[in-house]
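start_24.tsv (TSV, C-alpha atoms and all ligand atoms) appears below.
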```tsv
chain	number	residue	atom	x	y	z
A	1	LEU	CA	42.71	111.98	108.40
A	2	GLU	CA	40.00	114.65	108.62
A	3	HIS	CA	42.54	117.33	107.72
A	4	GLU	CA	44.02	115.21	104.93
A	5	LEU	CA	40.55	114.58	103.44
A	6	GLU	CA	39.75	118.31	103.51
A	7	ASP	CA	42.95	119.06	101.63
A	8	ILE	CA	42.20	116.35	99.03
A	9	TYR	CA	38.64	117.63	98.64
A	10	ASN	CA	39.83	121.20	98.04
A	11	THR	CA	42.34	119.93	95.50
A	12	ALA	CA	39.66	117.90	93.70
A	13	VAL	CA	37.40	120.97	93.37
A	14	GLU	CA	40.31	123.05	92.13
A	15	LEU	CA	41.25	120.38	89.56
A	16	ALA	CA	37.62	120.12	88.44
A	17	ARG	CA	37.62	123.86	87.71
A	18	LYS	CA	40.90	123.53	85.76
A	19	ALA	CA	39.51	120.59	83.75
A	20	GLY	CA	36.33	122.61	83.20
A	21	GLU	CA	38.27	125.54	81.75
A	22	ALA	CA	39.98	123.24	79.24
A	23	ILE	CA	36.68	121.57	78.30
A	24	ARG	CA	34.92	124.94	77.91
A	25	GLU	CA	37.66	126.25	75.67
A	26	ALA	CA	37.52	123.18	73.38
A	27	PHE	CA	33.72	122.92	73.43
A	28	TYR	CA	33.13	125.71	70.91
A	29	LYS	CA	35.87	124.59	68.51
A	30	GLU	CA	36.08	121.82	65.93
A	31	LYS	CA	36.73	118.42	67.53
A	32	ASN	CA	39.11	115.70	66.49
A	33	VAL	CA	37.22	112.43	67.05
A	34	GLU	CA	38.53	108.86	67.18
A	35	ILE	CA	36.68	105.65	67.95
A	36	LYS	CA	37.52	103.10	70.67
A	37	GLN	CA	35.58	99.83	71.28
A	38	SER	CA	32.69	100.49	68.88
A	39	ALA	CA	31.77	103.05	66.23
A	40	ALA	CA	29.84	104.90	68.95
A	41	ASP	CA	32.55	104.74	71.64
A	42	LEU	CA	34.32	108.05	71.08
A	43	VAL	CA	37.42	109.82	72.31
A	44	THR	CA	38.73	113.29	71.49
A	45	GLU	CA	42.02	115.13	72.03
A	46	THR	CA	40.31	116.94	74.89
A	47	ASP	CA	39.56	113.69	76.80
A	48	GLN	CA	43.22	112.74	76.53
A	49	ALA	CA	44.69	116.18	77.24
A	50	VAL	CA	42.47	116.81	80.27
A	51	GLU	CA	43.22	113.40	81.75
A	52	LYS	CA	46.98	113.86	81.30
A	53	MET	CA	46.91	117.35	82.84
A	54	ILE	CA	44.86	116.21	85.86
A	55	GLN	CA	46.88	113.01	86.40
A	56	ASP	CA	50.15	114.98	86.34
A	57	LEU	CA	48.83	117.49	88.89
A	58	ILE	CA	47.59	114.71	91.22
A	59	MET	CA	50.83	112.74	91.01
A	60	LYS	CA	52.88	115.86	91.74
A	61	LYS	CA	50.86	116.76	94.82
A	62	TYR	CA	50.14	113.22	96.09
A	63	PRO	CA	52.88	110.93	94.74
A	64	HIS	CA	51.73	108.03	96.94
A	65	HIS	CA	48.12	108.10	95.64
A	66	LYS	CA	46.86	105.71	92.95
A	67	PHE	CA	45.17	106.83	89.74
A	68	ILE	CA	42.58	105.17	87.47
A	69	GLY	CA	41.59	107.25	84.44
A	70	GLU	CA	39.34	106.39	81.52
A	71	GLU	CA	41.84	107.23	78.79
A	72	THR	CA	44.84	105.70	80.58
A	73	VAL	CA	42.96	102.40	80.96
A	74	SER	CA	41.68	102.51	77.33
A	75	ALA	CA	45.18	103.24	76.01
A	76	ASP	CA	46.94	100.29	77.66
A	77	GLY	CA	43.93	97.96	77.87
A	78	SER	CA	44.84	96.94	81.42
A	79	ALA	CA	42.26	95.82	83.98
A	80	CYS	CA	41.65	98.23	86.87
A	81	SER	CA	43.10	97.02	90.12
A	82	LEU	CA	41.67	98.74	93.13
A	83	THR	CA	43.69	98.65	96.37
A	84	ASP	CA	43.06	100.12	99.84
A	85	ASP	CA	45.29	103.11	99.01
A	86	PHE	CA	43.94	106.56	98.23
A	87	THR	CA	42.76	106.19	94.61
A	88	TRP	CA	41.54	108.91	92.27
A	89	ILE	CA	39.11	107.56	89.67
A	90	ILE	CA	38.63	110.07	86.88
A	91	ASP	CA	36.60	110.54	83.76
A	92	PRO	CA	38.02	113.65	82.09
A	93	VAL	CA	34.99	114.10	79.80
A	94	ASP	CA	31.91	112.08	80.76
A	95	GLY	CA	29.45	112.48	77.93
A	96	THR	CA	32.02	112.48	75.11
A	97	THR	CA	29.28	112.05	72.50
A	98	ASN	CA	27.57	115.15	73.86
A	99	PHE	CA	30.89	116.99	73.73
A	100	VAL	CA	31.41	115.95	70.09
A	101	HIS	CA	27.92	117.25	69.21
A	102	SER	CA	28.25	120.42	71.32
A	103	ILE	CA	25.46	119.29	73.65
A	104	PRO	CA	26.14	120.99	77.00
A	105	GLU	CA	25.69	117.91	79.27
A	106	VAL	CA	29.40	117.18	79.55
A	107	ALA	CA	31.07	116.54	82.90
A	108	PHE	CA	34.43	116.14	84.54
A	109	SER	CA	34.00	113.40	87.12
A	110	CYS	CA	36.35	112.64	89.98
A	111	GLY	CA	35.82	110.13	92.77
A	112	ILE	CA	38.36	109.54	95.53
A	113	LEU	CA	38.42	106.21	97.32
A	114	VAL	CA	40.21	104.90	100.38
A	115	ASN	CA	39.85	101.32	101.62
A	116	LYS	CA	37.79	100.80	98.43
A	117	GLN	CA	35.11	103.23	99.69
A	118	VAL	CA	34.25	106.45	97.86
A	119	VAL	CA	34.92	109.30	100.32
A	120	ILE	CA	34.87	112.31	97.99
A	121	GLY	CA	32.89	112.91	94.79
A	122	VAL	CA	33.21	115.96	92.55
A	123	ILE	CA	31.39	116.39	89.24
A	124	TYR	CA	31.71	119.62	87.29
A	125	VAL	CA	29.55	120.52	84.29
A	126	PRO	CA	31.55	123.44	82.90
A	127	ILE	CA	29.21	124.61	80.13
A	128	LEU	CA	26.36	124.97	82.65
A	129	ASP	CA	28.71	125.95	85.51
A	130	GLN	CA	27.31	123.32	87.88
A	131	MET	CA	29.70	122.03	90.55
A	132	TYR	CA	28.35	118.93	92.34
A	133	THR	CA	30.25	117.94	95.47
A	134	ALA	CA	30.03	115.34	98.23
A	135	LYS	CA	32.08	114.24	101.21
A	136	LYS	CA	31.14	110.98	102.86
A	137	GLY	CA	28.77	111.58	105.77
A	138	GLN	CA	28.42	115.29	105.04
A	139	GLY	CA	25.72	115.62	102.39
A	140	SER	CA	25.95	116.60	98.75
A	141	PHE	CA	25.60	119.96	97.06
A	142	VAL	CA	25.32	121.72	93.73
A	143	ASN	CA	27.07	125.10	93.75
A	144	GLY	CA	26.79	124.97	97.55
A	145	LYS	CA	23.04	124.22	97.61
A	146	LYS	CA	22.10	121.01	99.44
A	147	LEU	CA	20.71	118.14	97.35
A	148	SER	CA	18.03	115.67	98.36
A	149	VAL	CA	16.29	112.87	96.52
A	150	SER	CA	12.62	112.67	95.55
A	151	SER	CA	10.13	111.21	98.04
A	152	VAL	CA	8.16	109.23	95.41
A	153	LYS	CA	8.14	105.58	96.49
A	154	GLU	CA	6.47	103.76	93.59
A	155	LEU	CA	7.62	103.11	90.04
A	156	LYS	CA	4.19	103.95	88.64
A	157	SER	CA	4.69	107.60	89.73
A	158	ALA	CA	8.37	107.77	88.83
A	159	ALA	CA	10.51	109.39	86.11
A	160	ILE	CA	13.42	107.15	85.13
A	161	ILE	CA	16.71	107.65	83.29
A	162	MET	CA	17.82	104.83	80.94
A	163	GLU	CA	20.62	105.10	78.36
A	164	GLY	CA	21.27	103.47	74.98
A	165	GLY	CA	25.01	103.32	75.71
A	166	SER	CA	27.83	102.78	73.25
A	167	SER	CA	27.68	99.02	72.53
A	168	ARG	CA	26.39	98.24	69.03
A	169	ASP	CA	26.16	94.48	69.62
A	170	PRO	CA	22.70	93.50	68.29
A	171	ASP	CA	21.88	91.23	71.27
A	172	VAL	CA	22.88	93.88	73.78
A	173	LEU	CA	20.82	96.47	71.89
A	174	SER	CA	17.68	94.35	71.74
A	175	THR	CA	17.89	93.51	75.46
A	176	LYS	CA	18.27	97.22	76.24
A	177	ILE	CA	15.26	98.11	74.09
A	178	ASN	CA	13.19	95.40	75.77
A	179	ASN	CA	14.27	96.66	79.19
A	180	ILE	CA	13.26	100.20	78.24
A	181	HIS	CA	9.89	98.84	77.07
A	182	SER	CA	9.20	97.03	80.35
A	183	VAL	CA	10.22	99.96	82.58
A	184	LEU	CA	8.52	102.61	80.41
A	185	LYS	CA	5.16	100.85	80.47
A	186	SER	CA	5.23	100.99	84.30
A	187	CYS	CA	6.40	104.58	84.95
A	188	HIS	CA	5.70	108.24	84.07
A	189	GLY	CA	8.50	108.57	81.52
A	190	ILE	CA	12.07	107.88	80.45
A	191	ARG	CA	14.83	110.38	79.63
A	192	ALA	CA	18.63	110.25	79.24
A	193	TYR	CA	21.41	112.86	79.42
A	194	GLY	CA	24.27	110.89	77.81
A	195	SER	CA	26.47	111.09	80.90
A	196	ALA	CA	26.30	108.65	83.80
A	197	ALA	CA	27.76	111.29	86.12
A	198	ILE	CA	25.05	113.81	85.22
A	199	ASN	CA	22.33	111.12	85.35
A	200	LEU	CA	23.27	110.30	88.96
A	201	CYS	CA	23.30	114.03	89.82
A	202	LYS	CA	19.77	114.36	88.38
A	203	VAL	CA	18.54	111.57	90.70
A	204	ALA	CA	20.42	113.19	93.61
A	205	SER	CA	18.66	116.48	92.76
A	206	GLY	CA	15.21	114.86	93.09
A	207	MET	CA	14.19	115.30	89.45
A	208	TYR	CA	14.16	111.56	88.68
A	209	GLU	CA	13.58	108.55	90.91
A	210	ALA	CA	16.20	106.29	89.29
A	211	TYR	CA	18.92	105.85	86.70
A	212	VAL	CA	19.65	102.41	85.18
A	213	GLU	CA	22.50	101.42	82.88
A	214	PHE	CA	24.42	98.36	81.70
A	215	GLY	CA	27.90	98.95	80.23
A	216	ILE	CA	29.15	101.96	82.22
A	217	HIS	CA	32.65	101.95	83.75
A	218	CYS	CA	33.86	102.71	87.27
A	219	TRP	CA	35.05	106.21	86.26
A	220	ASP	CA	31.55	107.10	84.99
A	221	ILE	CA	29.85	106.35	88.32
A	222	VAL	CA	32.03	106.56	91.45
A	223	ALA	CA	31.67	110.31	92.06
A	224	GLY	CA	27.96	110.28	91.21
A	225	MET	CA	27.33	107.32	93.51
A	226	LEU	CA	28.57	109.26	96.53
A	227	ILE	CA	26.66	112.41	95.46
A	228	LEU	CA	23.48	110.33	95.20
A	229	GLN	CA	24.08	108.46	98.47
A	230	GLU	CA	24.73	111.71	100.34
A	231	ALA	CA	21.47	113.11	98.95
A	232	GLY	CA	19.63	110.17	100.56
A	233	GLY	CA	19.71	107.73	97.62
A	234	VAL	CA	20.93	104.18	97.10
A	235	ASN	CA	23.17	102.49	94.50
A	236	LYS	CA	22.76	98.81	93.61
A	237	ASP	CA	23.62	96.30	90.92
A	238	THR	CA	20.98	95.95	88.17
A	239	THR	CA	19.84	92.73	89.90
A	240	GLY	CA	19.01	94.78	93.01
A	241	GLU	CA	21.92	93.18	94.86
A	242	GLU	CA	25.01	94.88	96.29
A	243	ILE	CA	26.82	97.04	93.69
A	244	ASP	CA	30.34	96.16	92.54
A	245	ILE	CA	31.84	99.30	90.94
A	246	MET	CA	33.93	97.22	88.50
A	247	ARG	CA	30.94	95.15	87.28
A	248	ARG	CA	29.77	97.82	84.81
A	249	ARG	CA	26.09	97.91	85.90
A	250	ILE	CA	24.08	100.27	88.09
A	251	ILE	CA	20.68	101.25	89.39
A	252	GLY	CA	20.98	104.49	91.34
A	253	ALA	CA	17.68	105.46	92.95
A	254	ASN	CA	15.96	107.55	95.58
A	255	CYS	CA	14.78	104.46	97.54
A	256	GLU	CA	15.11	100.68	97.83
A	257	ASN	CA	11.54	99.98	96.71
A	258	ILE	CA	11.99	101.58	93.29
A	259	ILE	CA	15.22	99.60	92.82
A	260	THR	CA	13.38	96.34	93.61
A	261	GLU	CA	10.56	97.21	91.21
A	262	ILE	CA	12.96	98.11	88.38
A	263	ALA	CA	15.28	95.11	88.95
A	264	SER	CA	12.31	92.74	88.65
A	265	LYS	CA	11.57	94.12	85.16
A	266	LEU	CA	15.08	93.88	83.71
A	267	THR	CA	16.72	91.17	81.64
A	268	GLN	CA	20.32	91.14	82.87
A	269	ILE	CA	23.27	91.80	80.55
A	270	ASP	CA	26.75	90.57	81.38
A	271	VAL	CA	29.17	93.21	80.10
A	272	GLY	CA	32.36	91.94	81.78
A	273	ARG	CA	34.51	93.85	84.29
A	274	ASP	CA	36.74	96.91	84.37
B	301	LIG	C1	29.32	107.67	78.71
B	301	LIG	C2	28.44	107.29	79.90
B	301	LIG	C3	27.00	107.18	79.48
B	301	LIG	C4	26.85	106.12	78.43
B	301	LIG	C5	27.73	106.47	77.23
B	301	LIG	C6	29.17	106.65	77.64
B	301	LIG	P1	31.84	108.53	78.29
B	301	LIG	O1	30.65	107.77	79.13
B	301	LIG	O2	28.57	108.24	80.90
B	301	LIG	O3	26.19	106.85	80.60
B	301	LIG	O4	25.53	105.97	78.04
B	301	LIG	O5	27.64	105.45	76.27
B	301	LIG	O6	29.71	105.41	78.08
B	301	LIG	O7	32.36	107.50	77.33
B	301	LIG	O8	31.24	109.70	77.58
B	301	LIG	O9	32.85	108.87	79.33
```
I need this file expressed as structure tokens, please.
Amino acid sequence: LEHELEDIYNTAVELARKAGEAIREAFYKEKNVEIKQSAADLVTETDQAVEKMIQDLIMKKYPHHKFIGEETVSADGSACSLTDDFTWIIDPVDGTTNFVHSIPEVAFSCGILVNKQVVIGVIYVPILDQMYTAKKGQGSFVNGKKLSVSSVKELKSAAIIMEGGSSRDPDVLSTKINNIHSVLKSCHGIRAYGSAAINLCKVASGMYEAYVEFGIHCWDIVAGMLILQEAGGVNKDTTGEEIDIMRRRIIGANCENIITEIASKLTQIDVGRD
């Protein structure tokens, strides 16, 4: 298994570089944008082309592995079913809105699971040439440099990442704004990068104490969850309870205490399941 995992890891890094090349090439050109679930839920030809290219390469090399990809799921509207098999969960372009606006925080995100546990996480930010990697039990790295979370233990001294997201439902929006209000009044500041994958990498890098979002999907978070965990962090549901990767909610933080403090300030939003 050790040998098999090493081979899969090397393949994932290689595929991330390939995806990165395609993203970089399209980044400086005009984009062809379509909308999905809401007027702010975007997809481009690049999302679709990168996913197809990566899925084909995975299926050729590992025909017995399973694949869950953002654009494949959006196209056929099917629910994600996660088995104990090796499963690649991919977001070809995480931060599509950034991509559309030529904002450099755009990531290829790839998490590999076995027995429903994330064992490999690779996130590549091609425009900034940042390769984030993690293998379960072996730490996480950016361009080979080891990552570790911040040592701040209280929300009042913390910097937090919270996103607006892509839902334009008025009730969802007002709950999100209220949640931002209640966290912001108790911490140093709030920022957002527009990519769940990058947000989790920022917490893993020790810049922020936590990242909170309702409405993300499994492909936005699986790789980043392992990168954060291997940097010493924790991932939970927005209630502070055990995370369910299909439940579309996350608090990723440097420590349990900050998760408890944030969870107590949030009004929960039920966004359904992947
Ligand atoms: C994005 C997430 C981000 C969220 C955006 C969007 P996509 O994923 O990573 O955290 O705020 O609304 O869902 O659609 O760019 O892959």
Residues of chain A that approach ligand LIG 301 (chain B) to 9 Å or less, counting only C-alpha atoms and all ligand atoms: could you list each one with the shortest pair of atoms and its distance in Å to one decimal, rows by chain and increasing residue number, as a Markdown table?
```
| residue | atom | partner | partner_atom | distance |
| --- | --- | --- | --- | --- |
| A:Ala40 | CA | B:LIG301 | O5 | 7.7 |
| A:Asp41 | CA | B:LIG301 | O7 | 6.3 |
| A:Leu42 | CA | B:LIG301 | O7 | 6.6 |
| A:Val43 | CA | B:LIG301 | O7 | 7.5 |
| A:Asp47 | CA | B:LIG301 | O9 | 8.6 |
| A:Glu70 | CA | B:LIG301 | O9 | 7.3 |
| A:Asp91 | CA | B:LIG301 | O9 | 6.0 |
| A:Pro92 | CA | B:LIG301 | O9 | 7.6 |
| A:Val93 | CA | B:LIG301 | O9 | 5.7 |
| A:Asp94 | CA | B:LIG301 | O9 | 3.6 |
| A:Gly95 | CA | B:LIG301 | O8 | 3.3 |
| A:Thr96 | CA | B:LIG301 | O8 | 3.8 |
| A:Thr97 | CA | B:LIG301 | O8 | 5.9 |
| A:Asn98 | CA | B:LIG301 | O8 | 7.6 |
| A:Phe99 | CA | B:LIG301 | O8 | 8.3 |
| A:Val106 | CA | B:LIG301 | O8 | 8.0 |
| A:Ala107 | CA | B:LIG301 | O9 | 8.6 |
| A:Met162 | CA | B:LIG301 | O4 | 8.3 |
| A:Glu163 | CA | B:LIG301 | O4 | 5.0 |
| A:Gly164 | CA | B:LIG301 | O4 | 5.8 |
| A:Gly165 | CA | B:LIG301 | O5 | 3.4 |
| A:Ser166 | CA | B:LIG301 | O5 | 4.0 |
| A:Ser167 | CA | B:LIG301 | O5 | 7.4 |
| A:Ala192 | CA | B:LIG301 | O4 | 8.2 |
| A:Tyr193 | CA | B:LIG301 | O3 | 7.8 |
| A:Gly194 | CA | B:LIG301 | C3 | 4.9 |
| A:Ser195 | CA | B:LIG301 | O2 | 3.5 |
| A:Ala196 | CA | B:LIG301 | O3 | 3.7 |
| A:Ala197 | CA | B:LIG301 | O2 | 6.1 |
| A:Ile198 | CA | B:LIG301 | O2 | 7.9 |
| A:Asn199 | CA | B:LIG301 | O3 | 7.5 |
| A:Glu213 | CA | B:LIG301 | O3 | 6.9 |
| A:Phe214 | CA | B:LIG301 | O4 | 8.5 |
| A:Gly215 | CA | B:LIG301 | O6 | 7.0 |
| A:Ile216 | CA | B:LIG301 | O6 | 5.4 |
| A:His217 | CA | B:LIG301 | O6 | 7.3 |
| A:Trp219 | CA | B:LIG301 | O9 | 7.7 |
| A:Asp220 | CA | B:LIG301 | O2 | 5.2 |
| A:Ile221 | CA | B:LIG301 | O2 | 7.8 |
```
### Query
Any idea what the distance is between CA of Ile127 (chain A) and CA of Arg24 (chain A)?
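For CA of Ile127 (chain A) relative to CA of Arg24 (chain A), the distance reads 6.1 Å.
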### Message
What's around Leu82 (chain A) at 12 Å? Count only C-alpha atoms, leave out sequence neighbours fewer than 3 positions away in its own chain, and write the answer as a VMD selection string.
### Response
chain A and resid 65 to 68 79 85 to 89 112 to 118 218 244 to 246 274
### Residue nearest Ala49 (chain A) among A:Glu261, A:Glu34, A:Glu71, A:Glu2 (counting all atoms listed in the file)
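So, comparing all the options, the nearest one is A:Glu71.
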### Message
With distances taken over all atoms listed in the file, which residue among A:Val125, A:Ala158, A:Val100, A:Leu266 lies nearest Ile35 (chain A)?
### Response
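Result for the nearest residue to Ile35 (chain A): A:Val100.
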### Closest of A:Leu226, A:Ile250, A:Ile58, A:Ala26 to Tyr211 (chain A) - atom-to-atom distances counting only C-alpha atoms
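Of the candidates, the smallest distance to Tyr211 (chain A) is held by A:Ile250.
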#### Entry: Closest of A:Ile243, A:Cys187, A:Val172, A:Ile161 to Ala210 (chain A) - atom-to-atom distances counting all atoms listed in the file
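Ranking A:Ile243, A:Cys187, A:Val172, A:Ile161 by distance to Ala210 (chain A), first place goes to A:Ile161.
With only C-alpha atoms as the basis for measurement, A:Val50 is the residue among A:Met225, A:Val50, A:Ser38, A:Ile258 that approaches Glu25 (chain A) most closely.
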### Query
To one decimal place, how far is CA of Leu147 (chain A) from CA of Ala223 (chain A) in Å?
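Taking CA of Leu147 (chain A) as the start and CA of Ala223 (chain A) as the end point, the length is 14.5 Å.
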### Atomic separation - CA of Val203 (chain A) relative to CA of His181 (chain A), Å
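CA of Val203 (chain A) lies 20.6 Å from CA of His181 (chain A).
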### Message
Please determine, counting only C-alpha atoms, which residue among A:Lys146, A:Lys29, A:Arg168, A:Lys60 has the shortest atom-to-atom distance to Ser102 (chain A).
### Response
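The shortest atom-to-atom distance to Ser102 (chain A) comes from A:Lys29.
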### Query
Could you pull the residues within 9 Å of Gly240 (chain A), counting only C-alpha atoms, minus those fewer than 4 positions along the same chain, as a list in words?
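Residues meeting the cut-off are Asn235, Lys236, Ile250, Ile251, Glu256, Ile259, Thr260, Glu261, Ile262, Ala263 and Ser264 of chain A.
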### Query
Got a sec: who's within 12 Å of Leu184 (chain A), counting all atoms listed in the file, leaving out chain neighbours fewer than 5 positions off, as a VMD selection string?
chain A and resid 155 to 162 176 to 179 189 to 191 262 265 to 266
